[in-house]
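Raw entry_10.txt, compact mmCIF, C-alpha atoms:
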```txt
# COMPACT_ATOMS: atom_id res chain seq x y z
CA MET A 558 -5.51 -14.99 -32.78
CA ALA A 559 -7.32 -15.15 -36.14
CA ASN A 560 -4.62 -13.03 -37.80
CA SER A 561 -1.91 -15.27 -36.34
CA ALA A 562 -3.58 -18.39 -37.75
CA ALA A 563 -3.96 -16.77 -41.18
CA SER A 564 -0.29 -15.76 -41.14
CA ALA A 565 0.77 -19.29 -40.24
CA ALA A 566 -1.27 -20.72 -43.13
CA PHE A 567 0.26 -18.15 -45.46
CA THR A 568 3.85 -19.02 -44.60
CA LYS A 569 3.52 -22.79 -44.06
CA ARG A 570 5.54 -24.74 -46.57
CA PRO A 571 3.48 -27.18 -48.63
CA SER A 572 4.24 -30.88 -48.46
CA LEU A 573 6.22 -32.54 -51.24
CA ARG A 574 3.16 -34.62 -52.08
CA ASP A 575 1.05 -31.50 -52.63
CA VAL A 576 3.77 -29.86 -54.75
CA VAL A 577 3.96 -32.95 -56.97
CA GLU A 578 0.19 -32.92 -57.32
CA LEU A 579 0.35 -29.24 -58.29
CA LEU A 580 2.87 -30.06 -61.04
CA LYS A 581 0.48 -32.75 -62.44
CA PRO A 582 2.88 -35.56 -63.45
CA ILE A 583 0.19 -37.09 -65.68
CA THR A 584 0.59 -34.08 -68.02
CA TRP A 585 4.32 -34.62 -68.44
CA PHE A 586 3.94 -37.63 -70.70
CA PRO A 587 2.83 -35.84 -73.93
CA PRO A 588 5.79 -33.42 -74.07
CA MET A 589 8.23 -36.15 -73.02
CA TRP A 590 6.82 -38.36 -75.79
CA ALA A 591 7.23 -35.52 -78.32
CA PHE A 592 10.79 -35.00 -77.07
CA MET A 593 11.58 -38.66 -77.74
CA CYS A 594 10.00 -38.29 -81.20
CA GLY A 595 12.49 -35.48 -81.77
CA VAL A 596 15.36 -37.69 -80.63
CA VAL A 597 14.26 -40.50 -82.96
CA SER A 598 13.59 -38.19 -85.93
CA SER A 599 17.16 -36.90 -85.82
CA GLY A 600 18.44 -40.31 -86.88
CA MET A 601 21.49 -39.78 -84.67
CA PRO A 602 22.84 -42.55 -82.42
CA ALA A 603 22.58 -41.86 -78.70
CA GLY A 604 26.27 -42.49 -78.12
CA GLY A 605 27.65 -39.94 -75.70
CA ARG A 606 24.46 -37.82 -75.86
CA TRP A 607 22.74 -39.64 -72.99
CA PRO A 608 23.39 -36.90 -70.41
CA PHE A 609 21.75 -34.40 -72.77
CA ILE A 610 18.86 -36.77 -73.48
CA VAL A 611 18.19 -37.23 -69.76
CA ALA A 612 18.42 -33.46 -69.24
CA GLY A 613 16.00 -32.94 -72.13
CA ILE A 614 13.47 -35.39 -70.70
CA ALA A 615 13.64 -33.63 -67.34
CA LEU A 616 13.37 -30.26 -69.04
CA THR A 617 10.31 -31.05 -71.18
CA GLY A 618 8.52 -33.02 -68.45
CA PRO A 619 8.80 -32.05 -64.77
CA LEU A 620 10.54 -28.71 -65.34
CA VAL A 621 8.85 -26.78 -68.17
CA CYS A 622 5.59 -28.73 -68.26
CA GLY A 623 5.43 -28.88 -64.47
CA THR A 624 6.09 -25.15 -64.27
CA SER A 625 3.32 -24.46 -66.77
CA GLN A 626 0.90 -26.45 -64.60
CA ALA A 627 1.91 -24.47 -61.52
CA VAL A 628 1.42 -21.19 -63.39
CA ASN A 629 -1.94 -22.33 -64.69
CA ASP A 630 -3.18 -23.50 -61.28
CA TRP A 631 -2.08 -20.27 -59.61
CA TYR A 632 -3.92 -18.02 -62.03
CA ASP A 633 -6.85 -20.43 -62.32
CA ARG A 634 -7.35 -20.89 -58.59
CA HIS A 635 -10.72 -19.13 -58.70
CA VAL A 636 -11.91 -21.22 -61.68
CA ASP A 637 -10.63 -24.40 -60.03
CA ALA A 638 -12.67 -23.52 -56.96
CA ILE A 639 -15.65 -24.28 -59.24
CA ASN A 640 -14.30 -27.04 -61.50
CA GLN A 641 -11.77 -28.78 -59.23
CA PRO A 642 -12.04 -27.54 -55.63
CA GLU A 643 -9.95 -30.48 -54.44
CA ARG A 644 -6.83 -29.15 -56.24
CA PRO A 645 -3.92 -28.13 -53.94
CA ILE A 646 -4.37 -24.34 -54.19
CA PRO A 647 -8.17 -23.91 -53.93
CA SER A 648 -8.31 -26.60 -51.22
CA GLY A 649 -5.78 -24.62 -49.16
CA ARG A 650 -3.16 -27.37 -49.07
CA ILE A 651 -0.82 -24.99 -50.90
CA ALA A 652 -1.64 -21.77 -49.10
CA GLY A 653 -0.67 -18.13 -49.45
CA ASN A 654 1.46 -17.35 -52.49
CA TRP A 655 3.33 -20.66 -52.47
CA GLY A 656 1.81 -21.58 -55.81
CA LEU A 657 3.35 -18.49 -57.39
CA ARG A 658 6.69 -19.12 -55.68
CA ILE A 659 6.80 -22.66 -57.08
CA ALA A 660 6.01 -21.37 -60.58
CA ILE A 661 8.82 -18.80 -60.43
CA ALA A 662 11.31 -21.32 -59.05
CA GLY A 663 10.41 -23.79 -61.81
CA THR A 664 10.94 -21.10 -64.43
CA LEU A 665 14.41 -20.22 -63.15
CA ILE A 666 15.52 -23.86 -62.83
CA SER A 667 14.24 -24.63 -66.33
CA LEU A 668 16.21 -21.74 -67.81
CA LEU A 669 19.38 -22.85 -66.04
CA VAL A 670 19.11 -26.46 -67.25
CA ALA A 671 18.29 -25.35 -70.81
CA TRP A 672 21.28 -23.02 -70.85
CA LEU A 673 23.54 -25.91 -69.89
CA VAL A 674 22.12 -28.15 -72.64
CA GLY A 675 22.63 -25.83 -75.63
CA THR A 676 21.75 -22.63 -77.46
CA TRP A 677 18.82 -23.89 -79.52
CA VAL A 678 17.39 -25.80 -76.57
CA PHE A 679 17.65 -22.65 -74.47
CA ALA A 680 15.87 -20.63 -77.16
CA ALA A 681 13.05 -23.20 -77.36
CA THR A 682 12.76 -23.25 -73.57
CA VAL A 683 12.55 -19.46 -73.35
CA LEU A 684 9.73 -19.48 -75.91
CA ALA A 685 7.95 -22.33 -74.11
CA LEU A 686 8.10 -20.51 -70.76
CA ILE A 687 6.88 -17.26 -72.32
CA CYS A 688 3.94 -19.22 -73.73
CA ALA A 689 3.30 -20.88 -70.37
CA TRP A 690 3.04 -17.56 -68.54
CA ALA A 691 1.15 -15.78 -71.33
CA TYR A 692 -1.31 -18.67 -71.53
CA SER A 693 -2.47 -18.28 -67.93
CA ALA A 694 -1.30 -14.94 -66.51
CA PRO A 695 -2.98 -11.57 -66.96
CA PRO A 696 -3.05 -9.36 -68.90
CA TRP A 697 -2.58 -11.90 -71.71
CA ARG A 698 -4.58 -14.92 -70.49
CA LEU A 699 -4.31 -16.55 -73.92
CA LYS A 700 -6.30 -19.49 -72.60
CA THR A 701 -9.44 -17.36 -72.62
CA SER A 702 -9.44 -17.65 -76.43
CA GLY A 703 -10.56 -20.97 -77.82
CA TRP A 704 -8.54 -20.26 -80.95
CA VAL A 705 -5.25 -18.96 -79.53
CA GLY A 706 -5.09 -21.00 -76.32
CA PRO A 707 -5.10 -24.48 -77.91
CA ALA A 708 -2.64 -23.27 -80.57
CA VAL A 709 -0.19 -22.18 -77.87
CA VAL A 710 -0.49 -25.48 -76.02
CA GLY A 711 -0.09 -27.46 -79.23
CA LEU A 712 3.03 -25.47 -80.13
CA THR A 713 4.66 -26.03 -76.75
CA TYR A 714 3.52 -29.59 -75.95
CA GLU A 715 4.21 -31.06 -79.39
CA GLY A 716 6.29 -28.67 -81.50
CA LEU A 717 8.84 -27.15 -79.15
CA THR A 718 9.42 -30.40 -77.29
CA TRP A 719 9.94 -32.29 -80.57
CA PHE A 720 12.30 -29.49 -81.62
CA THR A 721 14.16 -29.82 -78.33
CA GLY A 722 14.70 -33.55 -78.80
CA ALA A 723 16.00 -33.10 -82.34
CA ALA A 724 18.20 -30.16 -81.31
CA VAL A 725 19.68 -32.13 -78.40
CA MET A 726 20.79 -34.85 -80.82
CA ALA A 727 21.88 -32.60 -83.68
CA GLY A 728 23.65 -30.11 -81.45
CA GLY A 729 22.08 -27.36 -83.55
CA LEU A 730 19.09 -26.48 -85.72
CA PRO A 731 17.17 -29.61 -86.83
CA ASP A 732 16.63 -30.58 -90.48
CA ARG A 733 13.91 -28.65 -92.36
CA ARG A 734 11.88 -31.85 -92.87
CA ILE A 735 11.76 -32.38 -89.12
CA LEU A 736 10.63 -28.79 -88.68
CA ALA A 737 7.83 -29.23 -91.24
CA VAL A 738 6.46 -32.38 -89.59
CA LEU A 739 6.61 -31.02 -86.03
CA VAL A 740 4.72 -27.90 -87.16
CA LEU A 741 1.98 -30.05 -88.68
CA TYR A 742 1.63 -32.18 -85.56
CA SER A 743 1.51 -28.99 -83.49
CA ILE A 744 -1.38 -27.75 -85.62
CA GLY A 745 -3.17 -31.07 -85.21
CA ALA A 746 -2.73 -30.83 -81.45
CA HIS A 747 -5.06 -27.81 -81.56
CA GLY A 748 -7.86 -30.34 -82.01
CA ILE A 749 -6.65 -32.43 -79.08
CA MET A 750 -6.59 -29.37 -76.83
CA THR A 751 -10.11 -28.43 -77.94
CA LEU A 752 -11.37 -31.87 -76.91
CA ASN A 753 -9.67 -31.38 -73.56
CA ASP A 754 -11.77 -28.24 -73.02
CA PHE A 755 -15.00 -30.24 -72.91
CA LYS A 756 -14.39 -31.24 -69.29
CA ALA A 757 -14.53 -27.61 -68.08
CA VAL A 758 -17.42 -26.17 -70.07
CA ALA A 759 -19.44 -25.24 -66.97
CA GLY A 760 -16.59 -23.45 -65.22
CA ASP A 761 -15.38 -21.79 -68.43
CA SER A 762 -18.86 -20.42 -69.11
CA VAL A 763 -19.04 -18.85 -65.66
CA SER A 764 -15.47 -17.50 -65.63
CA GLY A 765 -15.46 -16.00 -69.12
CA VAL A 766 -13.06 -18.46 -70.74
CA ARG A 767 -14.13 -18.53 -74.38
CA SER A 768 -13.15 -22.10 -75.23
CA LEU A 769 -14.43 -23.42 -78.54
CA PRO A 770 -17.01 -25.73 -76.89
CA VAL A 771 -18.39 -22.62 -75.15
CA VAL A 772 -18.25 -20.34 -78.20
CA LEU A 773 -19.23 -22.75 -80.98
CA GLY A 774 -21.20 -25.31 -79.01
CA THR A 775 -20.06 -28.84 -78.31
CA GLY A 776 -21.11 -30.30 -81.67
CA ALA A 777 -19.39 -27.73 -83.89
CA ALA A 778 -16.29 -27.66 -81.67
CA ALA A 779 -15.94 -31.45 -81.86
CA ARG A 780 -16.31 -31.45 -85.66
CA LEU A 781 -13.68 -28.74 -85.96
CA ALA A 782 -11.30 -30.59 -83.65
CA CYS A 783 -11.63 -33.77 -85.70
CA ALA A 784 -11.08 -31.90 -88.97
CA VAL A 785 -7.95 -30.18 -87.68
CA MET A 786 -6.45 -33.46 -86.47
CA VAL A 787 -7.21 -35.35 -89.69
CA VAL A 788 -6.10 -32.64 -92.14
CA SER A 789 -2.80 -31.97 -90.39
CA GLN A 790 -1.95 -35.68 -90.37
CA ALA A 791 -2.97 -35.99 -94.03
CA PHE A 792 -0.34 -33.38 -94.89
CA VAL A 793 2.21 -35.35 -92.85
CA VAL A 794 1.40 -38.45 -94.93
CA LEU A 795 1.80 -36.50 -98.17
CA LEU A 796 5.19 -35.15 -97.08
CA LEU A 797 6.45 -38.55 -95.97
CA ALA A 798 5.41 -40.04 -99.31
CA ALA A 799 7.02 -37.18 -101.24
CA TRP A 800 10.29 -37.73 -99.36
CA GLY A 801 10.33 -41.43 -100.24
CA MET A 802 9.36 -42.64 -96.75
CA ALA A 803 6.68 -44.99 -98.07
CA LEU A 804 6.43 -47.37 -95.11
CA ALA A 805 6.09 -44.51 -92.60
CA ALA A 806 3.43 -42.92 -94.82
CA ILE A 807 1.46 -46.19 -94.99
CA ILE A 808 1.58 -46.75 -91.22
CA VAL A 809 0.54 -43.18 -90.41
CA THR A 810 -2.30 -43.49 -92.96
CA GLY A 811 -3.57 -46.59 -91.16
CA LEU A 812 -3.44 -44.82 -87.79
CA VAL A 813 -5.35 -41.85 -89.20
CA ALA A 814 -7.97 -44.19 -90.66
CA ALA A 815 -8.40 -45.81 -87.24
CA GLN A 816 -8.92 -42.37 -85.69
CA VAL A 817 -11.56 -41.53 -88.29
CA ALA A 818 -13.34 -44.80 -87.53
CA LEU A 819 -13.64 -43.75 -83.86
CA MET A 820 -14.90 -40.24 -84.57
CA PRO A 821 -18.61 -41.01 -85.21
CA ARG A 822 -19.04 -42.07 -81.58
CA LEU A 823 -17.34 -38.86 -80.43
CA LEU A 824 -19.46 -36.67 -82.70
CA ALA A 825 -22.69 -38.36 -81.58
CA ASN A 826 -22.24 -37.00 -78.03
CA PRO A 827 -19.06 -34.89 -77.73
CA ALA A 828 -19.60 -33.77 -74.15
CA ARG A 829 -19.86 -37.37 -72.91
CA GLU A 830 -17.47 -39.10 -75.31
CA ALA A 831 -14.53 -36.66 -75.39
CA PRO A 832 -12.67 -38.55 -72.60
CA TRP A 833 -13.39 -41.85 -74.36
CA TYR A 834 -11.96 -40.54 -77.62
CA ALA A 835 -8.97 -38.96 -75.88
CA ALA A 836 -8.01 -42.36 -74.47
CA ARG A 837 -8.16 -44.01 -77.90
CA GLY A 838 -7.97 -41.53 -80.76
CA VAL A 839 -5.27 -39.39 -79.18
CA THR A 840 -3.24 -42.53 -78.48
CA LEU A 841 -3.37 -43.33 -82.19
CA TYR A 842 -2.37 -39.74 -82.98
CA VAL A 843 0.78 -39.87 -80.86
CA LEU A 844 1.67 -43.31 -82.23
CA GLY A 845 1.54 -41.68 -85.66
CA MET A 846 3.98 -39.05 -84.41
CA LEU A 847 6.43 -41.76 -83.42
CA CYS A 848 6.06 -43.58 -86.74
CA ALA A 849 6.68 -40.35 -88.62
CA ALA A 850 9.74 -39.78 -86.45
CA PHE A 851 11.08 -43.25 -87.32
CA GLY A 852 10.56 -42.45 -90.98
CA LEU A 853 12.40 -39.13 -90.69
CA GLY A 854 15.22 -40.82 -88.81
CA GLY A 855 15.71 -43.34 -91.60
CA TYR A 856 14.77 -46.38 -89.50
CA PHE A 857 12.27 -47.67 -92.09
CA ALA A 858 14.72 -47.49 -94.99
```

Could you spell out this file's structure in structure tokens?
Amino acid sequence: MANSAASAAFTKRPSLRDVVELLKPITWFPPMWAFMCGVVSSGMPAGGRWPFIVAGIALTGPLVCGTSQAVNDWYDRHVDAINQPERPIPSGRIAGNWGLRIAIAGTLISLLVAWLVGTWVFAATVLALICAWAYSAPPWRLKTSGWVGPAVVGLTYEGLTWFTGAAVMAGGLPDRRILAVLVLYSIGAHGIMTLNDFKAVAGDSVSGVRSLPVVLGTGAAARLACAVMVVSQAFVVLLLAAWGMALAAIIVTGLVAAQVALMPRLLANPAREAPWYAARGVTLYVLGMLCAAFGLGGYFA
């Protein structure tokens, strides 16, 4: 009887609500925002590209990002049992190996959609999915490194999705100036990802995840995160100014200054104030991305 009940739990299909929760829709916004920055930075009119734009939004949000969340939750189910026991997998609402099945299905669907959109989009999607699996799955588990893990997330969430948006509009490889700016914002996102690690310090310490707050301590990790965000954006400002995009450079400078003004409160108590700063400082950061994209697209000329 006990074996029969266990078998039923193993094979029971999860509800749609639990699958959506597993895919964490709240995490889709950053890559979808970066994708739209890519669209804007291309300077190309939407015209007949709307089907590709819609496909790109779906690809960067629910498909690739959602798949990465499923992969992460499957391989983090033991850590989540400590940090977030209410999540669908550790709570048993998604039982058996359904979490892994969902991750594999998301990977295959993402590849199919990307292939239909275009060559460069497909290449970016392949790299993003490799990063998603390598970030969470053994033997790589890149997330266990506080240096490599945030870099991988920054590359995929900001860089590759921006690249995808620009490639969708250009129908090929984006302009070198777009590539330079998206790389810099990807580097800056390393700091954002480090701040995100503050919420799981207890679980990471127990499970062996060497996030920067665990390795360096919360104070040093917060200072490093702030420095990375500010320096990367400073280089963006310099490039925009050098390319004659003065208005975009001025606006981004103002947004960076506002971030710096918020940082003393974060640095005073990083463990407590990281969510507060994420709601404000990170919002200013992504607004700067959009302003830079408008400058690159020639909308401020």

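Residues with any atom within 9 Å of segment 638-648 of chain A, counting all atoms listed in the file and excluding same-chain neighbours fewer than 5 positions away, are A:Asp575, A:Val576, A:Glu578, A:Leu579, A:Asp630, A:Trp631, A:Asp633, A:Gly653, A:Trp655, A:Gly656, A:Lys756, A:Ala757, A:Ala759, A:Gly760, A:Asp761.
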
For the residues in that selection, give me C-alpha atoms as a PDB file, in the coordinates of the input.
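The resulting file, out37.pdb, is reproduced below:
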```
ATOM      1  CA  ASP A 575       1.050 -31.500 -52.630  1.00  0.00           C
ATOM      2  CA  VAL A 576       3.770 -29.860 -54.750  1.00  0.00           C
ATOM      3  CA  GLU A 578       0.190 -32.920 -57.320  1.00  0.00           C
ATOM      4  CA  LEU A 579       0.350 -29.240 -58.290  1.00  0.00           C
ATOM      5  CA  ASP A 630      -3.180 -23.500 -61.280  1.00  0.00           C
ATOM      6  CA  TRP A 631      -2.080 -20.270 -59.610  1.00  0.00           C
ATOM      7  CA  ASP A 633      -6.850 -20.430 -62.320  1.00  0.00           C
ATOM      8  CA  GLY A 653      -0.670 -18.130 -49.450  1.00  0.00           C
ATOM      9  CA  TRP A 655       3.330 -20.660 -52.470  1.00  0.00           C
ATOM     10  CA  GLY A 656       1.810 -21.580 -55.810  1.00  0.00           C
ATOM     11  CA  LYS A 756     -14.390 -31.240 -69.290  1.00  0.00           C
ATOM     12  CA  ALA A 757     -14.530 -27.610 -68.080  1.00  0.00           C
ATOM     13  CA  ALA A 759     -19.440 -25.240 -66.970  1.00  0.00           C
ATOM     14  CA  GLY A 760     -16.590 -23.450 -65.220  1.00  0.00           C
ATOM     15  CA  ASP A 761     -15.380 -21.790 -68.430  1.00  0.00           C
TER      16      ASP A 761
END
```

For His747 of chain A, the nearest of the candidates A:Ala662, A:Leu730, A:Val839, A:Val766, counting all atoms listed in the file: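 The closest residue to His747 of chain A is A:Val839.
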
Atom pair atom CA of Ala746 of chain A / atom CA of Ala708 of chain A: separation (Å): 7.6 Å

Identify the residues around (8.6, -36.8, -75.6) within a radius of 12 Å, measuring from all atoms listed in the file in the coordinates stated by the file, and give them as a short mmCIF file (atom, residue, chain, number, x, y, z; two decimals) with C-alpha atoms, in the frame of the given file.
```cif
data_model
loop_
_atom_site.label_atom_id
_atom_site.label_comp_id
_atom_site.auth_asym_id
_atom_site.auth_seq_id
_atom_site.Cartn_x
_atom_site.Cartn_y
_atom_site.Cartn_z
CA THR A 584 0.59 -34.08 -68.02
CA TRP A 585 4.32 -34.62 -68.44
CA PHE A 586 3.94 -37.63 -70.70
CA PRO A 587 2.83 -35.84 -73.93
CA PRO A 588 5.79 -33.42 -74.07
CA MET A 589 8.23 -36.15 -73.02
CA TRP A 590 6.82 -38.36 -75.79
CA ALA A 591 7.23 -35.52 -78.32
CA PHE A 592 10.79 -35.00 -77.07
CA MET A 593 11.58 -38.66 -77.74
CA CYS A 594 10.00 -38.29 -81.20
CA GLY A 595 12.49 -35.48 -81.77
CA VAL A 596 15.36 -37.69 -80.63
CA VAL A 597 14.26 -40.50 -82.96
CA SER A 598 13.59 -38.19 -85.93
CA ILE A 610 18.86 -36.77 -73.48
CA VAL A 611 18.19 -37.23 -69.76
CA GLY A 613 16.00 -32.94 -72.13
CA ILE A 614 13.47 -35.39 -70.70
CA ALA A 615 13.64 -33.63 -67.34
CA LEU A 616 13.37 -30.26 -69.04
CA THR A 617 10.31 -31.05 -71.18
CA GLY A 618 8.52 -33.02 -68.45
CA PRO A 619 8.80 -32.05 -64.77
CA CYS A 622 5.59 -28.73 -68.26
CA THR A 713 4.66 -26.03 -76.75
CA TYR A 714 3.52 -29.59 -75.95
CA GLU A 715 4.21 -31.06 -79.39
CA GLY A 716 6.29 -28.67 -81.50
CA LEU A 717 8.84 -27.15 -79.15
CA THR A 718 9.42 -30.40 -77.29
CA TRP A 719 9.94 -32.29 -80.57
CA PHE A 720 12.30 -29.49 -81.62
CA THR A 721 14.16 -29.82 -78.33
CA GLY A 722 14.70 -33.55 -78.80
CA ALA A 723 16.00 -33.10 -82.34
CA VAL A 843 0.78 -39.87 -80.86
CA LEU A 844 1.67 -43.31 -82.23
CA MET A 846 3.98 -39.05 -84.41
CA LEU A 847 6.43 -41.76 -83.42
CA ALA A 850 9.74 -39.78 -86.45
#
```

Nearest candidate to Leu773 of chain A (options A:Met786, A:Val577, A:Val758, A:Leu665; using all atoms listed in the file):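 Using all atoms listed in the file, Leu773 of chain A sits closest to A:Val758.
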
d(atom CA of Val772 of chain A, atom CA of Gly748 of chain A) in Å: 14.9 Å

Distance of atom CA of Gly663 of chain A from atom CA of Ser693 of chain A, expressed in Å to one decimal place: 15.3 Å

Counting only C-alpha atoms, the residue of A:Val670, A:Val817, A:Val621, A:Leu739 that sits nearest Pro582 of chain A: A:Val621

For Val683 of chain A: contacts at 9 Å, all atoms listed in the file, fewer than 6 positions along chain excluded, given as a PyMOL selection string: chain A and resi 667-668+671

Spatial sel., origin (9.7, -35.0, -88.4), limit 7 Å, all atoms listed in the file, listed as a ChimeraX atom specification: /A:598,734-739,849-850,853

Generate a file of the selected residues that holds C-alpha atoms, formatted as a PDB file, keeping the file's coordinate frame.
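This is the output file result18.pdb:
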```
ATOM      1  CA  SER A 598      13.590 -38.190 -85.930  1.00  0.00           C
ATOM      2  CA  ARG A 734      11.880 -31.850 -92.870  1.00  0.00           C
ATOM      3  CA  ILE A 735      11.760 -32.380 -89.120  1.00  0.00           C
ATOM      4  CA  LEU A 736      10.630 -28.790 -88.680  1.00  0.00           C
ATOM      5  CA  ALA A 737       7.830 -29.230 -91.240  1.00  0.00           C
ATOM      6  CA  VAL A 738       6.460 -32.380 -89.590  1.00  0.00           C
ATOM      7  CA  LEU A 739       6.610 -31.020 -86.030  1.00  0.00           C
ATOM      8  CA  ALA A 849       6.680 -40.350 -88.620  1.00  0.00           C
ATOM      9  CA  ALA A 850       9.740 -39.780 -86.450  1.00  0.00           C
ATOM     10  CA  LEU A 853      12.400 -39.130 -90.690  1.00  0.00           C
TER      11      LEU A 853
END
```

Selected residue, from A:Val785, A:Trp607, A:Arg780, A:Gly845, that lies nearest to Leu812 of chain A when counting only C-alpha atoms: A:Gly845

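With only C-alpha atoms as the atoms that count, the minimum distance from Thr810 of chain A to the choices A:Ala784, A:Cys848, A:Cys688, A:Val771 is reached by A:Cys848.
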
Within 12 Å of Val709 of chain A, counting all atoms listed in the file, which residues show up once you throw out same-chain ones fewer than 6 positions away? Write them as a tab-separated table (two decimals) with C-alpha atoms, in the coordinates of the input, please.
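Listed below is the output, part22.tsv:
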```tsv
chain	number	residue	atom	x	y	z
A	625	SER	CA	3.32	-24.46	-66.77
A	684	LEU	CA	9.73	-19.48	-75.91
A	685	ALA	CA	7.95	-22.33	-74.11
A	686	LEU	CA	8.10	-20.51	-70.76
A	687	ILE	CA	6.88	-17.26	-72.32
A	688	CYS	CA	3.94	-19.22	-73.73
A	689	ALA	CA	3.30	-20.88	-70.37
A	690	TRP	CA	3.04	-17.56	-68.54
A	691	ALA	CA	1.15	-15.78	-71.33
A	692	TYR	CA	-1.31	-18.67	-71.53
A	693	SER	CA	-2.47	-18.28	-67.93
A	698	ARG	CA	-4.58	-14.92	-70.49
A	699	LEU	CA	-4.31	-16.55	-73.92
A	700	LYS	CA	-6.30	-19.49	-72.60
A	701	THR	CA	-9.44	-17.36	-72.62
A	702	SER	CA	-9.44	-17.65	-76.43
A	703	GLY	CA	-10.56	-20.97	-77.82
A	715	GLU	CA	4.21	-31.06	-79.39
A	716	GLY	CA	6.29	-28.67	-81.50
A	717	LEU	CA	8.84	-27.15	-79.15
A	740	VAL	CA	4.72	-27.90	-87.16
A	743	SER	CA	1.51	-28.99	-83.49
A	744	ILE	CA	-1.38	-27.75	-85.62
A	745	GLY	CA	-3.17	-31.07	-85.21
A	746	ALA	CA	-2.73	-30.83	-81.45
A	747	HIS	CA	-5.06	-27.81	-81.56
A	748	GLY	CA	-7.86	-30.34	-82.01
A	750	MET	CA	-6.59	-29.37	-76.83
A	751	THR	CA	-10.11	-28.43	-77.94
```
